[in-house]
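Engineer: See query-v4.cif below, with mmCIF, N, CA and C atoms.
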```cif
data_start
loop_
_atom_site.label_atom_id
_atom_site.label_comp_id
_atom_site.auth_asym_id
_atom_site.auth_seq_id
_atom_site.Cartn_x
_atom_site.Cartn_y
_atom_site.Cartn_z
N GLN J 1178 96.03 -1.94 258.17
CA GLN J 1178 96.49 -1.04 259.22
C GLN J 1178 95.87 0.34 259.01
N VAL J 1179 95.20 0.81 260.04
CA VAL J 1179 94.55 2.12 259.96
C VAL J 1179 95.56 3.21 260.26
N GLN J 1180 95.56 4.22 259.41
CA GLN J 1180 96.42 5.38 259.65
C GLN J 1180 95.63 6.65 259.42
N LEU J 1181 95.79 7.59 260.33
CA LEU J 1181 95.24 8.94 260.20
C LEU J 1181 96.41 9.89 260.32
N VAL J 1182 96.69 10.62 259.25
CA VAL J 1182 97.88 11.47 259.22
C VAL J 1182 97.44 12.92 259.08
N GLU J 1183 97.68 13.69 260.13
CA GLU J 1183 97.30 15.11 260.12
C GLU J 1183 98.43 15.96 259.58
N SER J 1184 98.05 17.10 259.04
CA SER J 1184 99.02 18.10 258.61
C SER J 1184 98.34 19.46 258.63
N GLY J 1185 99.16 20.50 258.56
CA GLY J 1185 98.62 21.85 258.44
C GLY J 1185 98.66 22.69 259.70
N GLY J 1186 99.11 22.14 260.80
CA GLY J 1186 99.21 22.93 262.02
C GLY J 1186 100.34 23.93 261.92
N GLY J 1187 100.43 24.78 262.93
CA GLY J 1187 101.49 25.77 262.96
C GLY J 1187 101.12 26.96 263.80
N LEU J 1188 101.79 28.06 263.51
CA LEU J 1188 101.60 29.31 264.25
C LEU J 1188 100.75 30.26 263.44
N ALA J 1189 99.74 30.85 264.08
CA ALA J 1189 98.90 31.85 263.43
C ALA J 1189 98.69 33.02 264.37
N GLN J 1190 98.45 34.16 263.80
CA GLN J 1190 98.15 35.35 264.61
C GLN J 1190 96.66 35.37 264.93
N PRO J 1191 96.28 36.01 266.00
CA PRO J 1191 94.84 36.18 266.28
C PRO J 1191 94.15 36.82 265.08
N GLY J 1192 92.99 36.24 264.72
CA GLY J 1192 92.28 36.70 263.55
C GLY J 1192 92.69 36.02 262.26
N GLY J 1193 93.74 35.24 262.32
CA GLY J 1193 94.23 34.55 261.14
C GLY J 1193 93.52 33.24 260.88
N SER J 1194 94.01 32.52 259.88
CA SER J 1194 93.38 31.27 259.46
C SER J 1194 94.42 30.18 259.27
N LEU J 1195 93.98 28.96 259.48
CA LEU J 1195 94.76 27.77 259.18
C LEU J 1195 93.82 26.69 258.69
N THR J 1196 94.34 25.79 257.88
CA THR J 1196 93.56 24.63 257.45
C THR J 1196 94.30 23.36 257.82
N LEU J 1197 93.63 22.50 258.56
CA LEU J 1197 94.19 21.20 258.92
C LEU J 1197 93.66 20.15 257.95
N SER J 1198 94.48 19.17 257.66
CA SER J 1198 94.09 18.04 256.83
C SER J 1198 94.34 16.74 257.58
N CYS J 1199 93.54 15.75 257.27
CA CYS J 1199 93.72 14.42 257.85
C CYS J 1199 93.47 13.40 256.75
N ALA J 1200 94.53 12.70 256.36
CA ALA J 1200 94.42 11.66 255.33
C ALA J 1200 94.25 10.31 256.00
N ALA J 1201 93.19 9.61 255.63
CA ALA J 1201 92.88 8.32 256.24
C ALA J 1201 93.21 7.18 255.28
N SER J 1202 93.70 6.10 255.84
CA SER J 1202 93.93 4.88 255.06
C SER J 1202 93.63 3.68 255.95
N GLY J 1203 93.30 2.56 255.30
CA GLY J 1203 93.02 1.34 256.05
C GLY J 1203 91.58 1.22 256.53
N ILE J 1204 90.72 2.17 256.14
CA ILE J 1204 89.31 2.10 256.50
C ILE J 1204 88.47 2.36 255.27
N ILE J 1205 87.21 1.89 255.31
CA ILE J 1205 86.28 2.27 254.24
C ILE J 1205 85.76 3.65 254.62
N PHE J 1206 86.41 4.65 254.11
CA PHE J 1206 86.27 6.03 254.55
C PHE J 1206 84.82 6.49 254.56
N THR J 1207 84.06 6.09 253.55
CA THR J 1207 82.70 6.59 253.42
C THR J 1207 81.75 6.03 254.48
N GLN J 1208 82.18 5.04 255.24
CA GLN J 1208 81.33 4.44 256.26
C GLN J 1208 81.61 4.97 257.66
N TRP J 1209 82.68 5.76 257.81
CA TRP J 1209 83.11 6.17 259.13
C TRP J 1209 82.71 7.60 259.43
N LYS J 1210 82.44 7.86 260.71
CA LYS J 1210 82.26 9.22 261.20
C LYS J 1210 83.65 9.77 261.47
N MET J 1211 83.95 10.91 260.89
CA MET J 1211 85.25 11.53 261.02
C MET J 1211 85.13 12.83 261.82
N GLY J 1212 86.20 13.16 262.52
CA GLY J 1212 86.10 14.38 263.30
C GLY J 1212 87.44 14.91 263.75
N TRP J 1213 87.37 16.03 264.43
CA TRP J 1213 88.53 16.70 265.03
C TRP J 1213 88.27 16.93 266.50
N PHE J 1214 89.28 16.63 267.29
CA PHE J 1214 89.30 16.95 268.71
C PHE J 1214 90.51 17.83 268.96
N ARG J 1215 90.53 18.47 270.11
CA ARG J 1215 91.71 19.25 270.48
C ARG J 1215 91.96 19.15 271.97
N GLN J 1216 93.22 19.32 272.33
CA GLN J 1216 93.62 19.29 273.73
C GLN J 1216 94.46 20.51 274.04
N PRO J 1217 93.85 21.51 274.66
CA PRO J 1217 94.62 22.70 275.06
C PRO J 1217 95.63 22.34 276.14
N PRO J 1218 96.65 23.16 276.32
CA PRO J 1218 97.65 22.88 277.37
C PRO J 1218 97.03 22.74 278.74
N GLY J 1219 97.31 21.63 279.41
CA GLY J 1219 96.82 21.41 280.76
C GLY J 1219 95.35 21.07 280.87
N GLU J 1220 94.71 20.83 279.73
CA GLU J 1220 93.28 20.53 279.77
C GLU J 1220 93.00 19.19 279.11
N GLN J 1221 91.73 18.76 279.22
CA GLN J 1221 91.35 17.49 278.63
C GLN J 1221 91.03 17.66 277.15
N ARG J 1222 91.10 16.55 276.43
CA ARG J 1222 90.74 16.55 275.02
C ARG J 1222 89.25 16.82 274.88
N GLU J 1223 88.90 17.63 273.88
CA GLU J 1223 87.51 18.01 273.67
C GLU J 1223 87.15 17.93 272.20
N PRO J 1224 85.89 17.63 271.90
CA PRO J 1224 85.47 17.58 270.50
C PRO J 1224 85.38 18.98 269.90
N VAL J 1225 85.73 19.08 268.63
CA VAL J 1225 85.68 20.35 267.92
C VAL J 1225 84.65 20.30 266.80
N ALA J 1226 84.76 19.28 265.96
CA ALA J 1226 83.87 19.18 264.80
C ALA J 1226 83.83 17.74 264.34
N SER J 1227 82.68 17.35 263.75
CA SER J 1227 82.57 16.01 263.21
C SER J 1227 81.68 16.03 261.98
N ILE J 1228 81.87 15.00 261.15
CA ILE J 1228 81.06 14.85 259.95
C ILE J 1228 80.77 13.36 259.78
N THR J 1229 79.50 13.04 259.63
CA THR J 1229 79.12 11.63 259.54
C THR J 1229 79.29 11.12 258.11
N SER J 1230 79.05 9.83 257.96
CA SER J 1230 79.16 9.22 256.63
C SER J 1230 78.15 9.83 255.66
N ARG J 1231 77.06 10.36 256.19
CA ARG J 1231 76.04 10.98 255.33
C ARG J 1231 76.25 12.48 255.18
N GLY J 1232 77.29 12.99 255.82
CA GLY J 1232 77.59 14.41 255.67
C GLY J 1232 76.99 15.32 256.72
N ALA J 1233 76.37 14.76 257.75
CA ALA J 1233 75.84 15.59 258.82
C ALA J 1233 76.99 16.14 259.65
N ILE J 1234 76.91 17.42 259.96
CA ILE J 1234 78.02 18.12 260.62
C ILE J 1234 77.60 18.58 262.02
N ASP J 1235 78.54 18.47 262.93
CA ASP J 1235 78.35 18.97 264.28
C ASP J 1235 79.59 19.79 264.66
N LEU J 1236 79.36 20.95 265.24
CA LEU J 1236 80.45 21.83 265.64
C LEU J 1236 80.29 22.21 267.10
N ALA J 1237 81.40 22.30 267.81
CA ALA J 1237 81.37 22.80 269.17
C ALA J 1237 80.92 24.26 269.17
N ASP J 1238 80.21 24.66 270.20
CA ASP J 1238 79.71 26.03 270.26
C ASP J 1238 80.83 27.05 270.16
N SER J 1239 81.99 26.72 270.70
CA SER J 1239 83.10 27.67 270.73
C SER J 1239 83.69 27.95 269.36
N VAL J 1240 83.38 27.12 268.37
CA VAL J 1240 83.96 27.31 267.04
C VAL J 1240 82.91 27.58 265.97
N LYS J 1241 81.64 27.55 266.34
CA LYS J 1241 80.58 27.80 265.35
C LYS J 1241 80.74 29.20 264.75
N GLY J 1242 80.60 29.26 263.44
CA GLY J 1242 80.76 30.53 262.75
C GLY J 1242 82.21 30.85 262.39
N ARG J 1243 83.15 30.05 262.90
CA ARG J 1243 84.57 30.29 262.61
C ARG J 1243 85.24 29.10 261.93
N PHE J 1244 84.87 27.89 262.32
CA PHE J 1244 85.51 26.68 261.78
C PHE J 1244 84.56 25.98 260.82
N VAL J 1245 85.14 25.35 259.81
CA VAL J 1245 84.36 24.58 258.83
C VAL J 1245 85.02 23.22 258.65
N ILE J 1246 84.22 22.16 258.78
CA ILE J 1246 84.73 20.81 258.53
C ILE J 1246 84.19 20.33 257.20
N SER J 1247 85.04 19.64 256.46
CA SER J 1247 84.61 19.08 255.18
C SER J 1247 85.38 17.80 254.92
N LYS J 1248 84.92 17.04 253.92
CA LYS J 1248 85.62 15.80 253.59
C LYS J 1248 85.60 15.57 252.09
N ASP J 1249 86.59 14.83 251.66
CA ASP J 1249 86.74 14.46 250.26
C ASP J 1249 86.75 12.94 250.19
N ASN J 1250 85.66 12.35 249.68
CA ASN J 1250 85.56 10.90 249.64
C ASN J 1250 86.42 10.26 248.55
N VAL J 1251 86.99 11.07 247.68
CA VAL J 1251 87.88 10.54 246.65
C VAL J 1251 89.29 10.35 247.21
N THR J 1252 89.76 11.33 247.96
CA THR J 1252 91.11 11.27 248.52
C THR J 1252 91.12 10.77 249.96
N ASN J 1253 89.94 10.45 250.52
CA ASN J 1253 89.85 9.96 251.91
C ASN J 1253 90.48 10.95 252.89
N THR J 1254 90.12 12.19 252.72
CA THR J 1254 90.71 13.26 253.52
C THR J 1254 89.62 14.13 254.13
N ILE J 1255 89.82 14.52 255.38
CA ILE J 1255 88.95 15.53 255.96
C ILE J 1255 89.77 16.78 256.23
N TYR J 1256 89.08 17.89 256.30
CA TYR J 1256 89.72 19.19 256.48
C TYR J 1256 89.03 19.94 257.61
N LEU J 1257 89.78 20.79 258.24
CA LEU J 1257 89.22 21.72 259.22
C LEU J 1257 89.76 23.10 258.88
N ARG J 1258 88.90 23.92 258.32
CA ARG J 1258 89.28 25.29 258.01
C ARG J 1258 88.96 26.13 259.25
N MET J 1259 89.99 26.76 259.79
CA MET J 1259 89.85 27.54 261.01
C MET J 1259 90.07 29.00 260.69
N ASN J 1260 89.02 29.79 260.85
CA ASN J 1260 89.07 31.23 260.58
C ASN J 1260 88.94 32.02 261.87
N ASN J 1261 89.35 33.28 261.81
CA ASN J 1261 89.25 34.16 262.98
C ASN J 1261 89.78 33.47 264.23
N LEU J 1262 90.97 32.95 264.12
CA LEU J 1262 91.56 32.20 265.23
C LEU J 1262 91.76 33.08 266.45
N LYS J 1263 91.60 32.46 267.62
CA LYS J 1263 91.76 33.14 268.90
C LYS J 1263 92.84 32.43 269.71
N PRO J 1264 93.47 33.12 270.63
CA PRO J 1264 94.49 32.46 271.46
C PRO J 1264 93.96 31.21 272.16
N GLU J 1265 92.69 31.21 272.51
CA GLU J 1265 92.13 30.03 273.18
C GLU J 1265 91.95 28.84 272.25
N ASP J 1266 92.20 29.01 270.96
CA ASP J 1266 92.19 27.88 270.04
C ASP J 1266 93.52 27.12 270.07
N THR J 1267 94.49 27.64 270.78
CA THR J 1267 95.78 26.97 270.89
C THR J 1267 95.60 25.60 271.53
N ALA J 1268 96.07 24.57 270.83
CA ALA J 1268 95.89 23.20 271.30
C ALA J 1268 96.60 22.25 270.34
N VAL J 1269 96.71 21.01 270.76
CA VAL J 1269 97.05 19.93 269.83
C VAL J 1269 95.74 19.42 269.24
N TYR J 1270 95.67 19.40 267.94
CA TYR J 1270 94.46 18.96 267.25
C TYR J 1270 94.63 17.53 266.75
N TYR J 1271 93.64 16.70 267.03
CA TYR J 1271 93.69 15.29 266.68
C TYR J 1271 92.56 14.93 265.72
N CYS J 1272 92.90 14.17 264.71
CA CYS J 1272 91.92 13.60 263.81
C CYS J 1272 91.36 12.32 264.45
N ASN J 1273 90.09 12.07 264.22
CA ASN J 1273 89.40 10.94 264.85
C ASN J 1273 88.53 10.24 263.83
N ALA J 1274 88.55 8.91 263.86
CA ALA J 1274 87.67 8.11 263.01
C ALA J 1274 86.91 7.14 263.88
N LYS J 1275 85.58 7.08 263.69
CA LYS J 1275 84.75 6.24 264.55
C LYS J 1275 83.75 5.45 263.71
N PHE J 1276 83.64 4.14 264.00
CA PHE J 1276 82.65 3.28 263.37
C PHE J 1276 82.22 2.25 264.39
N ASN J 1277 80.99 2.29 264.82
CA ASN J 1277 80.50 1.44 265.91
C ASN J 1277 81.42 1.59 267.12
N THR J 1278 82.03 0.52 267.57
CA THR J 1278 82.89 0.60 268.75
C THR J 1278 84.35 0.82 268.40
N PHE J 1279 84.66 0.96 267.13
CA PHE J 1279 86.03 1.15 266.69
C PHE J 1279 86.35 2.64 266.61
N VAL J 1280 87.45 3.02 267.24
CA VAL J 1280 87.89 4.42 267.26
C VAL J 1280 89.39 4.47 266.99
N TYR J 1281 89.77 5.37 266.10
CA TYR J 1281 91.19 5.56 265.81
C TYR J 1281 91.53 7.05 265.91
N TRP J 1282 92.80 7.30 266.26
CA TRP J 1282 93.28 8.68 266.42
C TRP J 1282 94.52 8.91 265.57
N GLY J 1283 94.65 10.13 265.12
CA GLY J 1283 95.90 10.55 264.51
C GLY J 1283 96.91 10.91 265.58
N GLN J 1284 98.09 11.30 265.13
CA GLN J 1284 99.18 11.59 266.07
C GLN J 1284 99.09 12.99 266.65
N GLY J 1285 98.27 13.83 266.05
CA GLY J 1285 98.08 15.20 266.54
C GLY J 1285 98.96 16.20 265.82
N THR J 1286 98.46 17.41 265.72
CA THR J 1286 99.24 18.51 265.13
C THR J 1286 99.01 19.76 265.97
N GLN J 1287 100.09 20.46 266.25
CA GLN J 1287 100.04 21.62 267.14
C GLN J 1287 99.54 22.85 266.39
N VAL J 1288 98.59 23.54 267.00
CA VAL J 1288 98.13 24.84 266.52
C VAL J 1288 98.37 25.85 267.63
N THR J 1289 99.11 26.89 267.31
CA THR J 1289 99.40 27.94 268.28
C THR J 1289 98.93 29.27 267.72
N VAL J 1290 98.10 29.96 268.49
CA VAL J 1290 97.58 31.26 268.07
C VAL J 1290 98.16 32.31 269.01
N SER J 1291 99.02 33.15 268.47
CA SER J 1291 99.72 34.12 269.30
C SER J 1291 100.18 35.28 268.43
N ALA J 1292 100.18 36.46 269.04
CA ALA J 1292 100.70 37.63 268.34
C ALA J 1292 102.21 37.68 268.46
#
```
Once you've parsed the file, please lay out its structure as structure tokens.
Structural biologist:
Amino acid sequence: QVQLVESGGGLAQPGGSLTLSCAASGIIFTQWKMGWFRQPPGEQREPVASITSRGAIDLADSVKGRFVISKDNVTNTIYLRMNNLKPEDTAVYYCNAKFNTFVYWGQGTQVTVSA
């Protein structure tokens, strides 16, 4: 059974930082492309960051220079370090695992950026 369990969401002030974690189980972690998506209120889900099995990273233009994605192949965990947060970063953040045609999602964690 595949499980992706996110943690680390919450409330942050503009300019602040948060780190999201996603612990994966039930997959051969090192073979999967892992990533983060987000869904702002009233909008569609959008990609934020991804990291391939070989460590290649892709970031959305809106978060380049502010967000960092990383992974730990020992603990089967990916992280999203979010710096210089802006109100427009407010969204539900979802962990994503992809291998060929197989895709799995976490349950989501709320990030709210507000003064």
Engineer: For J:Gly1219, please output as a ChimeraX atom specification all residues within 12 Å (counting only C-alpha atoms; exclusion window: fewer than 6 positions along the same chain).
Structural biologist: /J:1267-1269
Engineer: Can those selected residues be exported to a file as a CSV table (one decimal), in the frame of the given file so that it contains N, CA and C atoms?
Structural biologist:
```csv
chain,number,residue,atom,x,y,z
J,1267,THR,N,94.5,27.6,270.8
J,1267,THR,CA,95.8,27.0,270.9
J,1267,THR,C,95.6,25.6,271.5
J,1268,ALA,N,96.1,24.6,270.8
J,1268,ALA,CA,95.9,23.2,271.3
J,1268,ALA,C,96.6,22.2,270.3
J,1269,VAL,N,96.7,21.0,270.8
J,1269,VAL,CA,97.0,19.9,269.8
J,1269,VAL,C,95.7,19.4,269.2
```
Engineer: Could you pull out the strand (DSSP E) residues of stretch 1193-1252 of chain J from DSSP and send them as a PyMOL selection string?
Structural biologist: chain J and resi 1195-1202+1210-1216+1223-1228+1234-1236+1244-1249
Engineer: Would you please work out which residue, of J:Asn1260, J:Val1179, J:Phe1206, J:Ile1255, is nearest to J:Tyr1281 when using only N, CA and C atoms?
Structural biologist: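 Going through J:Asn1260, J:Val1179, J:Phe1206, J:Ile1255 one by one, the smallest distance to J:Tyr1281 is for J:Val1179.
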Engineer: Just the residues within 8 Å of J:Trp1209, please, counting all atoms listed in the file, with nothing from its chain fewer than 4 positions along; format it as a list in words.
Structural biologist: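 My list of contacting residues is Ile1204, Ile1205, Ile1228, Thr1229, Ser1230, Arg1231, Asn1273, Ala1274, Lys1275, Phe1276 and Asn1277 of chain J.
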Engineer: Selection from above, N, CA and C atoms, as a PDB file, in the coordinates of the input, can you write it?
Structural biologist:
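Result went into part_23.pdb, see below:
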```pdb
ATOM      1  N   ILE J1204      90.720   2.170 256.140  1.00  0.00           N
ATOM      2  CA  ILE J1204      89.310   2.100 256.500  1.00  0.00           C
ATOM      3  C   ILE J1204      88.470   2.360 255.270  1.00  0.00           C
ATOM      4  N   ILE J1205      87.210   1.890 255.310  1.00  0.00           N
ATOM      5  CA  ILE J1205      86.280   2.270 254.240  1.00  0.00           C
ATOM      6  C   ILE J1205      85.760   3.650 254.620  1.00  0.00           C
ATOM      7  N   ILE J1228      81.870  15.000 261.150  1.00  0.00           N
ATOM      8  CA  ILE J1228      81.060  14.850 259.950  1.00  0.00           C
ATOM      9  C   ILE J1228      80.770  13.360 259.780  1.00  0.00           C
ATOM     10  N   THR J1229      79.500  13.040 259.630  1.00  0.00           N
ATOM     11  CA  THR J1229      79.120  11.630 259.540  1.00  0.00           C
ATOM     12  C   THR J1229      79.290  11.120 258.110  1.00  0.00           C
ATOM     13  N   SER J1230      79.050   9.830 257.960  1.00  0.00           N
ATOM     14  CA  SER J1230      79.160   9.220 256.630  1.00  0.00           C
ATOM     15  C   SER J1230      78.150   9.830 255.660  1.00  0.00           C
ATOM     16  N   ARG J1231      77.060  10.360 256.190  1.00  0.00           N
ATOM     17  CA  ARG J1231      76.040  10.980 255.330  1.00  0.00           C
ATOM     18  C   ARG J1231      76.250  12.480 255.180  1.00  0.00           C
ATOM     19  N   ASN J1273      90.090  12.070 264.220  1.00  0.00           N
ATOM     20  CA  ASN J1273      89.400  10.940 264.850  1.00  0.00           C
ATOM     21  C   ASN J1273      88.530  10.240 263.830  1.00  0.00           C
ATOM     22  N   ALA J1274      88.550   8.910 263.860  1.00  0.00           N
ATOM     23  CA  ALA J1274      87.670   8.110 263.010  1.00  0.00           C
ATOM     24  C   ALA J1274      86.910   7.140 263.880  1.00  0.00           C
ATOM     25  N   LYS J1275      85.580   7.080 263.690  1.00  0.00           N
ATOM     26  CA  LYS J1275      84.750   6.240 264.550  1.00  0.00           C
ATOM     27  C   LYS J1275      83.750   5.450 263.710  1.00  0.00           C
ATOM     28  N   PHE J1276      83.640   4.140 264.000  1.00  0.00           N
ATOM     29  CA  PHE J1276      82.650   3.280 263.370  1.00  0.00           C
ATOM     30  C   PHE J1276      82.220   2.250 264.390  1.00  0.00           C
ATOM     31  N   ASN J1277      80.990   2.290 264.820  1.00  0.00           N
ATOM     32  CA  ASN J1277      80.500   1.440 265.910  1.00  0.00           C
ATOM     33  C   ASN J1277      81.420   1.590 267.120  1.00  0.00           C
TER      34      ASN J1277
END
```
Engineer: Per DSSP on the backbone, what are the helix (DSSP H, G or I) residues of chain J, as a PDB file with N, CA and C atoms, keeping the file's coordinate frame?
Structural biologist:
```pdb
ATOM      1  N   PHE J1206      86.410   4.650 254.110  1.00  0.00           N
ATOM      2  CA  PHE J1206      86.270   6.030 254.550  1.00  0.00           C
ATOM      3  C   PHE J1206      84.820   6.490 254.560  1.00  0.00           C
ATOM      4  N   THR J1207      84.060   6.090 253.550  1.00  0.00           N
ATOM      5  CA  THR J1207      82.700   6.590 253.420  1.00  0.00           C
ATOM      6  C   THR J1207      81.750   6.030 254.480  1.00  0.00           C
ATOM      7  N   GLN J1208      82.180   5.040 255.240  1.00  0.00           N
ATOM      8  CA  GLN J1208      81.330   4.440 256.260  1.00  0.00           C
ATOM      9  C   GLN J1208      81.610   4.970 257.660  1.00  0.00           C
ATOM     10  N   ASP J1238      80.210  24.660 270.200  1.00  0.00           N
ATOM     11  CA  ASP J1238      79.710  26.030 270.260  1.00  0.00           C
ATOM     12  C   ASP J1238      80.830  27.050 270.160  1.00  0.00           C
ATOM     13  N   SER J1239      81.990  26.720 270.700  1.00  0.00           N
ATOM     14  CA  SER J1239      83.100  27.670 270.730  1.00  0.00           C
ATOM     15  C   SER J1239      83.690  27.950 269.360  1.00  0.00           C
ATOM     16  N   VAL J1240      83.380  27.120 268.370  1.00  0.00           N
ATOM     17  CA  VAL J1240      83.960  27.310 267.040  1.00  0.00           C
ATOM     18  C   VAL J1240      82.910  27.580 265.970  1.00  0.00           C
ATOM     19  N   PRO J1264      93.470  33.120 270.630  1.00  0.00           N
ATOM     20  CA  PRO J1264      94.490  32.460 271.460  1.00  0.00           C
ATOM     21  C   PRO J1264      93.960  31.210 272.160  1.00  0.00           C
ATOM     22  N   GLU J1265      92.690  31.210 272.510  1.00  0.00           N
ATOM     23  CA  GLU J1265      92.130  30.030 273.180  1.00  0.00           C
ATOM     24  C   GLU J1265      91.950  28.840 272.250  1.00  0.00           C
ATOM     25  N   ASP J1266      92.200  29.010 270.960  1.00  0.00           N
ATOM     26  CA  ASP J1266      92.190  27.880 270.040  1.00  0.00           C
ATOM     27  C   ASP J1266      93.520  27.120 270.070  1.00  0.00           C
TER      28      ASP J1266
END
```
Engineer: Could you list the residues chosen by the PyMOL selection byres ((chain J and resi 1265) around 8) in this structure as a compact mmCIF listing (two decimals) with N, CA and C atoms, in the coordinates of the input?
Structural biologist:
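Contents of the output file part-v1.txt:
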```txt
# COMPACT_ATOMS: atom_id res chain seq x y z
N PRO J 1217 93.85 21.51 274.66
CA PRO J 1217 94.62 22.70 275.06
C PRO J 1217 95.63 22.34 276.14
N LEU J 1262 90.97 32.95 264.12
CA LEU J 1262 91.56 32.20 265.23
C LEU J 1262 91.76 33.08 266.45
N LYS J 1263 91.60 32.46 267.62
CA LYS J 1263 91.76 33.14 268.90
C LYS J 1263 92.84 32.43 269.71
N PRO J 1264 93.47 33.12 270.63
CA PRO J 1264 94.49 32.46 271.46
C PRO J 1264 93.96 31.21 272.16
N ASP J 1266 92.20 29.01 270.96
CA ASP J 1266 92.19 27.88 270.04
C ASP J 1266 93.52 27.12 270.07
N THR J 1267 94.49 27.64 270.78
CA THR J 1267 95.78 26.97 270.89
C THR J 1267 95.60 25.60 271.53
N ALA J 1268 96.07 24.57 270.83
CA ALA J 1268 95.89 23.20 271.30
C ALA J 1268 96.60 22.25 270.34
N VAL J 1290 98.10 29.96 268.49
CA VAL J 1290 97.58 31.26 268.07
C VAL J 1290 98.16 32.31 269.01
N SER J 1291 99.02 33.15 268.47
CA SER J 1291 99.72 34.12 269.30
C SER J 1291 100.18 35.28 268.43
```
Engineer: On this structure, which residues satisfy the PyMOL selection byres ((chain J and resi 1183) around 8), written as a list in words?
Structural biologist: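 When the PyMOL selection byres ((chain J and resi 1183) around 8) is applied, the selected residues are Gln1180, Leu1181, Val1182, Ser1184, Gly1185, Gly1186, Leu1197, Ser1198, Cys1199, Ala1200, Ala1201, Tyr1270, Tyr1271, Cys1272, Trp1282, Gly1283, Gln1284, Gly1285 and Thr1286 of chain J.
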Engineer: Please provide the set of residues having any atom within 8 Å of J:Met1259, restricted to only N, CA and C atoms, with same-chain residues fewer than 6 positions apart removed, written as number ranges by chain.
Structural biologist: J: 1192-1197, 1243-1246
Engineer: Check the smallest atom-to-atom distance from each of J:Asn1253, J:Lys1210, J:Gly1203, J:Asn1261 to J:Ala1233 using only C-alpha atoms, then report the winner.
Structural biologist: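 When distances to J:Ala1233 are compared using only C-alpha atoms, the smallest one comes from J:Lys1210.
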Engineer: What gap, in Å, lies between atom N of J:Thr1207 and atom C of J:Asp1235?
Structural biologist: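 Distance between the two atoms: 18.2 Å.
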